[in-house]
Every structure is written in structure tokens, then in C-alpha cells.
Amino acid sequence: MKVLGIETSCDETGIAIYDDQQGLLAEALYSQIELHADYGGVVPELASRDHVRRMIPLIQQVMSEAGCESHDIKGIAYTSGPGLMGALMVGAAVGRSLAWTWKCPSIGVHHMEGHLLAPMLEDNVPSFPFLALLVSGGHTLLVDVTAIGEYKVIGESLDDAVGEAFDKTAKMLGLAYPGGPIISQLAKQGRKDRYKFPRPMVNRPGLDMSFSGLKTSVLTTWQKSDKSEQTKADIAEAFEEAVVDTLTIKCKRALKETQHKRLIIAGGVSANQRLRERLTELADTTSLTVFYPKPQFCTDNGAMIAYAGLQRLKAGEHDGDGFSTRPRWPLDELKPPS
């Protein structure tokens, strides 16, 4: 069964075709980073308009690369939430229109379920159950995963998502958007132990997180500093270390609570090398196995949406006559494929 996946939740247009027998046949991604860079963040209206411009050419490109005609596509999966309303509407409208035209079923996919299942695109596929750490620009979640659709959120950020904290910290330091990769690169030049930022909420019970106080500490330190390039690198190093420490501590606590022996990390921040190193170190000293998607599947992409949609389409789920999008959509509202 070949499924066309469409991802337009925010500022990346992702298209892919996934086959349940052959795997990923083709995928393409257009990033709007340059479009939004001057504004220091995503401008929703500009994002929606750019999705409109890029969508059809990318679908044509992927169909050609996969050697597919419209009659080969047996299902269409599109992101229906959470995300920016206008951006979601573009993908949903195109996905539903193609499904009507090509006479195949379609299904709206939860964006974070796509991220959660992204490691399934790899050769080494994690088996259920497992703990998932989902870290992106809009979400920071610890999820107890029993099976597809059986998700229990056991920890989350009470304020900024970790990706958002990276972006805002980069903006404070006068760095470009998006901030995550730039902070991480700069941190490699930073001197360790010059600054020590707080590890929020690690000294209290529970699995929830908070990054607003950490961000405030960075701002106060930067305002009082000499503003040199070395100081900027030192702050970046200390900030990244505080984030990675916090996430690692919370993962260890969640693994103890759930008794899981498998951990997957996904979402844009899962590409962070320091985070991967720390969790790999944890796995090396315990019976834990850690699974990551390739860097190209950490950020938003069509392949994860095609894969997630395929699982539900194969179970007989599909849209009704209309379609809807949900800018806010708790992950644990999802049900197993029926």
C-alpha cells in the first residue's frame, strides 16, 4: 500500500511516499528558514502562503522520483494538528482534494504521533513498549508508549518547549534563527564550568519540566557580561549543558518509573549531538537501548506523516466527507487504530 504523506504544520513543506512493502520510496522537504529569518521566528501568514506555492511542485517531484502515477497511491495522510491553523489548512485541503480526485481514502495525522513513530523509518526498529522523549520547537513531552495510539503523557514542559528555549536564547545573544543548531555549534567553542545555569525542577518530584527560569538566567548573565564572542560561546555551552542535563535527569526518572528498557527520542531537538551523547552514555552503563531517527527525520518531514497515516489507513481508519484541523491537540487523546 503506497501512501502519500503531506506535512505542513509550521514552516517546512514535507512530502513523501511510503510503501508498506518497500519502505520509503521518495521524499522532499522545503524549509522556510530564510523566509522567516529576518523576523526572528515564524510568521504564520507567510508560512501558509509559502506552503501554497511549494506544495504541488513538491508532490509532482516526489511522484516522479518514486515512479508513481495517481492510481498507484492507495491513501493520503496529511498533518491535521497540532500546528499553525493556516499552514495546517493548506495541507489538509490539498490532501483531501487529491483523495477525492484520485478516489482513495485520506486521513488526518497527529503531528507528534508522526514524530513519535519516526524511528520506525530506520532499519533498527524499536519494539513496543517504550518511553518516548519528544523534543521540538513546540513540544517537550515524555510519553509512556504501549502500542500505536496507546500513549500516556507522563511529563511535559509547563512553559517554553525546549526548542523554543533554544530559539529565544539565540535571539537574546544576537544569533540568527533558528537558534538550536547555532547554539549547539557555538557551544563547542565555549569554556566549560565558567557559567552554571539552573536545572529547572530536577530537585522536586515528578516528570514535568520548565525552561523559562533557565532562559531568564541566561538573559541576566548576558546583560551583565562583557558581550564578547567568547562569553557568548561560554553562555551557549552552559545553556546547552543545562538543557541536556535536565532532559537526561527526567528521562532517567521516567525510565525508573515505567521500567521500560527502550527509549526513543524524536523531534527537531533530538538531532542535538550533546543530547545524543548523554543518552548514549546512559545506555552504555545500563540495560537501556536508545533509538533515534536520522537527522533528516528529526525535523518536520513528510515521511513520518506517511508512515503514521499508513498504520491507521491499513486498520480501516479514514476521513469522513469533510476534514478538520486542530491547532491544539493533546497527544493522549489519540486512540489505537480501530
# chains A, B, ... in the order shown; residues from 1 in each chain; ligands from 1
call {"tool": "closest_atom_pairs", "arguments": {"of": "segment 26-59 of chain A", "to": "segment 293-302 of chain A", "cutoff": "12 Å", "atoms": "only C-alpha atoms", "output": "JSON lines"}}
result
{"residue": "A:Ala26", "atom": "CA", "partner": "A:Gly302", "partner_atom": "CA", "distance": 9.8}
{"residue": "A:Glu27", "atom": "CA", "partner": "A:Gly302", "partner_atom": "CA", "distance": 6.9}
{"residue": "A:Ala28", "atom": "CA", "partner": "A:Gly302", "partner_atom": "CA", "distance": 7.6}
{"residue": "A:Leu29", "atom": "CA", "partner": "A:Asn301", "partner_atom": "CA", "distance": 6.6}
{"residue": "A:Tyr30", "atom": "CA", "partner": "A:Asn301", "partner_atom": "CA", "distance": 9.2}
{"residue": "A:Ser31", "atom": "CA", "partner": "A:Asp300", "partner_atom": "CA", "distance": 9.4}
{"residue": "A:Gln32", "atom": "CA", "partner": "A:Asp300", "partner_atom": "CA", "distance": 11.7}
{"residue": "A:Met55", "atom": "CA", "partner": "A:Gly302", "partner_atom": "CA", "distance": 11.4}
{"residue": "A:Leu58", "atom": "CA", "partner": "A:Gly302", "partner_atom": "CA", "distance": 10.7}
{"residue": "A:Ile59", "atom": "CA", "partner": "A:Gly302", "partner_atom": "CA", "distance": 10.5}
call {"tool": "write_last_selection", "arguments": {"atoms": "C-alpha atoms", "output": "PDB file, in the first residue's frame"}}
result
ATOM      1  CA  ALA A  26      10.814   9.159  -2.203  1.00  0.00           C
ATOM      2  CA  GLU A  27      10.695  12.294  -0.076  1.00  0.00           C
ATOM      3  CA  ALA A  28      11.272  16.022  -0.439  1.00  0.00           C
ATOM      4  CA  LEU A  29      11.403  18.895   2.009  1.00  0.00           C
ATOM      5  CA  TYR A  30      11.332  22.651   1.559  1.00  0.00           C
ATOM      6  CA  SER A  31      12.384  24.716   4.573  1.00  0.00           C
ATOM      7  CA  GLN A  32      11.196  28.293   5.052  1.00  0.00           C
ATOM      8  CA  MET A  55       3.018  22.019  -2.298  1.00  0.00           C
ATOM      9  CA  LEU A  58       6.952  19.013  -4.410  1.00  0.00           C
ATOM     10  CA  ILE A  59       4.184  16.434  -4.860  1.00  0.00           C
TER      11      ILE A  59
END
call {"tool": "closest_atom_pairs", "arguments": {"of": "segment 112-185 of chain A", "to": "segment 324-330 of chain A", "cutoff": "12 Å", "atoms": "only C-alpha atoms", "output": "JSON lines"}}
result
{"residue": "A:Met112", "atom": "CA", "partner": "A:Pro330", "partner_atom": "CA", "distance": 9.2}
{"residue": "A:Glu113", "atom": "CA", "partner": "A:Pro330", "partner_atom": "CA", "distance": 10.5}
{"residue": "A:Gly138", "atom": "CA", "partner": "A:Arg328", "partner_atom": "CA", "distance": 10.8}
{"residue": "A:His139", "atom": "CA", "partner": "A:Pro330", "partner_atom": "CA", "distance": 10.6}
{"residue": "A:Leu141", "atom": "CA", "partner": "A:Pro330", "partner_atom": "CA", "distance": 10.6}
{"residue": "A:Val143", "atom": "CA", "partner": "A:Pro330", "partner_atom": "CA", "distance": 11.7}
{"residue": "A:Tyr151", "atom": "CA", "partner": "A:Pro330", "partner_atom": "CA", "distance": 10.3}
{"residue": "A:Lys152", "atom": "CA", "partner": "A:Pro330", "partner_atom": "CA", "distance": 10.3}
{"residue": "A:Val153", "atom": "CA", "partner": "A:Pro330", "partner_atom": "CA", "distance": 9.0}
{"residue": "A:Glu156", "atom": "CA", "partner": "A:Pro330", "partner_atom": "CA", "distance": 11.3}
call {"tool": "residues_around", "arguments": {"residues": "Gln185 of chain A", "least_positions_apart": "6", "cutoff": "12 Å", "atoms": "only C-alpha atoms", "output": "VMD selection string"}}
result
chain A and resid 170 175 179 232 to 234 236 to 237 240 272 to 274
call {"tool": "closest_residue", "arguments": {"among": "A:Gly23, A:Gly320, A:Gly91, A:Gly213", "to": "Glu7 of chain A", "atoms": "only C-alpha atoms"}}
result
A:Gly91
call {"tool": "residues_around", "arguments": {"residues": "Glu34 of chain A", "least_positions_apart": "2", "cutoff": "12 Å", "atoms": "only C-alpha atoms", "output": "VMD selection string"}}
result
chain A and resid 11 to 12 30 to 32 36 to 43 46 to 47 50 176 to 178
call {"tool": "select_by_dssp", "arguments": {"residues": "segment 9-81 of chain A", "states": "helix (DSSP H, G or I)", "output": "PyMOL selection string"}}
result
chain A and resi 33-37+44-66+70-72
call {"tool": "atom_distance", "arguments": {"atom1": "atom CA of Pro126 of chain A", "atom2": "atom CA of Ile73 of chain A"}}
result
27.3 Å
call {"tool": "closest_residue", "arguments": {"among": "A:Asp160, A:Gly206, A:Ala66, A:Ser9", "to": "Gln22 of chain A", "atoms": "only C-alpha atoms"}}
result
A:Ala66
call {"tool": "decode", "arguments": {"residues": "segment 87-118 of chain A", "atoms": "N, CA, C and O atoms", "output": "mmCIF file, in the first residue's frame"}}
result
data_model
loop_
_atom_site.group_PDB
_atom_site.id
_atom_site.type_symbol
_atom_site.label_atom_id
_atom_site.label_comp_id
_atom_site.auth_asym_id
_atom_site.auth_seq_id
_atom_site.Cartn_x
_atom_site.Cartn_y
_atom_site.Cartn_z
ATOM 1 N N ALA A 87 -1.374 27.028 8.083
ATOM 2 C CA ALA A 87 -0.471 26.050 7.477
ATOM 3 C C ALA A 87 -1.125 24.669 7.424
ATOM 4 O O ALA A 87 -1.042 23.953 6.421
ATOM 5 N N LEU A 88 -1.792 24.289 8.513
ATOM 6 C CA LEU A 88 -2.485 23.005 8.543
ATOM 7 C C LEU A 88 -3.584 22.938 7.486
ATOM 8 O O LEU A 88 -3.781 21.910 6.831
ATOM 9 N N MET A 89 -4.291 24.047 7.312
ATOM 10 C CA MET A 89 -5.395 24.074 6.350
ATOM 11 C C MET A 89 -4.909 23.846 4.930
ATOM 12 O O MET A 89 -5.587 23.197 4.122
ATOM 13 N N VAL A 90 -3.724 24.364 4.604
ATOM 14 C CA VAL A 90 -3.182 24.178 3.259
ATOM 15 C C VAL A 90 -2.970 22.694 2.976
ATOM 16 O O VAL A 90 -3.426 22.154 1.970
ATOM 17 N N GLY A 91 -2.269 22.009 3.884
ATOM 18 C CA GLY A 91 -2.005 20.588 3.687
ATOM 19 C C GLY A 91 -3.265 19.750 3.690
ATOM 20 O O GLY A 91 -3.418 18.821 2.882
ATOM 21 N N ALA A 92 -4.186 20.077 4.602
ATOM 22 C CA ALA A 92 -5.428 19.317 4.694
ATOM 23 C C ALA A 92 -6.275 19.493 3.438
ATOM 24 O O ALA A 92 -6.830 18.517 2.910
ATOM 25 N N ALA A 93 -6.381 20.723 2.945
ATOM 26 C CA ALA A 93 -7.196 20.980 1.756
ATOM 27 C C ALA A 93 -6.622 20.276 0.528
ATOM 28 O O ALA A 93 -7.362 19.662 -0.258
ATOM 29 N N VAL A 94 -5.299 20.331 0.376
ATOM 30 C CA VAL A 94 -4.673 19.664 -0.767
ATOM 31 C C VAL A 94 -4.802 18.149 -0.632
ATOM 32 O O VAL A 94 -5.137 17.450 -1.594
ATOM 33 N N GLY A 95 -4.559 17.631 0.562
ATOM 34 C CA GLY A 95 -4.653 16.194 0.781
ATOM 35 C C GLY A 95 -6.048 15.652 0.506
ATOM 36 O O GLY A 95 -6.211 14.632 -0.185
ATOM 37 N N ARG A 96 -7.057 16.331 1.023
ATOM 38 C CA ARG A 96 -8.434 15.878 0.809
ATOM 39 C C ARG A 96 -8.839 16.017 -0.657
ATOM 40 O O ARG A 96 -9.522 15.145 -1.213
ATOM 41 N N SER A 97 -8.405 17.090 -1.298
ATOM 42 C CA SER A 97 -8.750 17.289 -2.718
ATOM 43 C C SER A 97 -8.149 16.187 -3.588
ATOM 44 O O SER A 97 -8.807 15.658 -4.489
ATOM 45 N N LEU A 98 -6.891 15.840 -3.319
ATOM 46 C CA LEU A 98 -6.263 14.762 -4.084
ATOM 47 C C LEU A 98 -6.956 13.430 -3.822
ATOM 48 O O LEU A 98 -7.122 12.613 -4.738
ATOM 49 N N ALA A 99 -7.350 13.198 -2.573
ATOM 50 C CA ALA A 99 -8.037 11.949 -2.250
ATOM 51 C C ALA A 99 -9.363 11.838 -3.007
ATOM 52 O O ALA A 99 -9.708 10.769 -3.522
ATOM 53 N N TRP A 100 -10.100 12.920 -3.081
ATOM 54 C CA TRP A 100 -11.358 12.908 -3.843
ATOM 55 C C TRP A 100 -11.074 12.657 -5.323
ATOM 56 O O TRP A 100 -11.746 11.871 -5.980
ATOM 57 N N THR A 101 -10.061 13.343 -5.839
ATOM 58 C CA THR A 101 -9.745 13.231 -7.265
ATOM 59 C C THR A 101 -9.213 11.843 -7.617
ATOM 60 O O THR A 101 -9.579 11.270 -8.649
ATOM 61 N N TRP A 102 -8.350 11.308 -6.766
ATOM 62 C CA TRP A 102 -7.712 10.011 -7.037
ATOM 63 C C TRP A 102 -8.532 8.836 -6.513
ATOM 64 O O TRP A 102 -8.134 7.687 -6.656
ATOM 65 N N LYS A 103 -9.671 9.154 -5.877
ATOM 66 C CA LYS A 103 -10.588 8.115 -5.378
ATOM 67 C C LYS A 103 -9.896 7.130 -4.426
ATOM 68 O O LYS A 103 -9.967 5.906 -4.584
ATOM 69 N N CYS A 104 -9.197 7.713 -3.445
ATOM 70 C CA CYS A 104 -8.544 6.895 -2.415
ATOM 71 C C CYS A 104 -8.845 7.502 -1.049
ATOM 72 O O CYS A 104 -9.206 8.678 -0.955
ATOM 73 N N PRO A 105 -8.724 6.733 0.021
ATOM 74 C CA PRO A 105 -9.004 7.278 1.353
ATOM 75 C C PRO A 105 -7.910 8.232 1.821
ATOM 76 O O PRO A 105 -6.766 8.166 1.363
ATOM 77 N N SER A 106 -8.266 9.105 2.731
ATOM 78 C CA SER A 106 -7.283 10.005 3.331
ATOM 79 C C SER A 106 -7.488 10.016 4.835
ATOM 80 O O SER A 106 -8.540 9.599 5.339
ATOM 81 N N ILE A 107 -6.470 10.483 5.546
ATOM 82 C CA ILE A 107 -6.569 10.553 6.999
ATOM 83 C C ILE A 107 -5.720 11.692 7.535
ATOM 84 O O ILE A 107 -4.605 11.934 7.049
ATOM 85 N N GLY A 108 -6.260 12.404 8.506
ATOM 86 C CA GLY A 108 -5.502 13.442 9.191
ATOM 87 C C GLY A 108 -4.649 12.814 10.281
ATOM 88 O O GLY A 108 -5.129 11.978 11.061
ATOM 89 N N VAL A 109 -3.391 13.206 10.341
ATOM 90 C CA VAL A 109 -2.425 12.601 11.264
ATOM 91 C C VAL A 109 -2.023 13.616 12.338
ATOM 92 O O VAL A 109 -1.862 14.811 12.057
ATOM 93 N N HIS A 110 -1.870 13.122 13.550
ATOM 94 C CA HIS A 110 -1.352 13.944 14.650
ATOM 95 C C HIS A 110 0.150 14.147 14.428
ATOM 96 O O HIS A 110 0.910 13.179 14.300
ATOM 97 N N HIS A 111 0.564 15.402 14.386
ATOM 98 C CA HIS A 111 1.962 15.742 14.104
ATOM 99 C C HIS A 111 2.937 15.046 15.055
ATOM 100 O O HIS A 111 3.984 14.525 14.635
ATOM 101 N N MET A 112 2.594 15.006 16.338
ATOM 102 C CA MET A 112 3.513 14.421 17.302
ATOM 103 C C MET A 112 3.499 12.895 17.252
ATOM 104 O O MET A 112 4.493 12.264 17.602
ATOM 105 N N GLU A 113 2.417 12.298 16.802
ATOM 106 C CA GLU A 113 2.450 10.853 16.565
ATOM 107 C C GLU A 113 3.410 10.558 15.416
ATOM 108 O O GLU A 113 4.121 9.545 15.430
ATOM 109 N N GLY A 114 3.436 11.447 14.427
ATOM 110 C CA GLY A 114 4.411 11.294 13.350
ATOM 111 C C GLY A 114 5.831 11.295 13.881
ATOM 112 O O GLY A 114 6.636 10.416 13.545
ATOM 113 N N HIS A 115 6.154 12.271 14.736
ATOM 114 C CA HIS A 115 7.497 12.318 15.335
ATOM 115 C C HIS A 115 7.769 11.073 16.171
ATOM 116 O O HIS A 115 8.866 10.485 16.107
ATOM 117 N N LEU A 116 6.782 10.665 16.959
ATOM 118 C CA LEU A 116 6.965 9.520 17.853
ATOM 119 C C LEU A 116 7.288 8.245 17.066
ATOM 120 O O LEU A 116 8.073 7.413 17.519
ATOM 121 N N LEU A 117 6.700 8.119 15.872
ATOM 122 C CA LEU A 117 6.912 6.917 15.057
ATOM 123 C C LEU A 117 8.055 7.061 14.063
ATOM 124 O O LEU A 117 8.372 6.107 13.344
ATOM 125 N N ALA A 118 8.707 8.232 14.020
ATOM 126 C CA ALA A 118 9.797 8.448 13.059
ATOM 127 C C ALA A 118 10.921 7.422 13.176
ATOM 128 O O ALA A 118 11.501 7.025 12.153
#
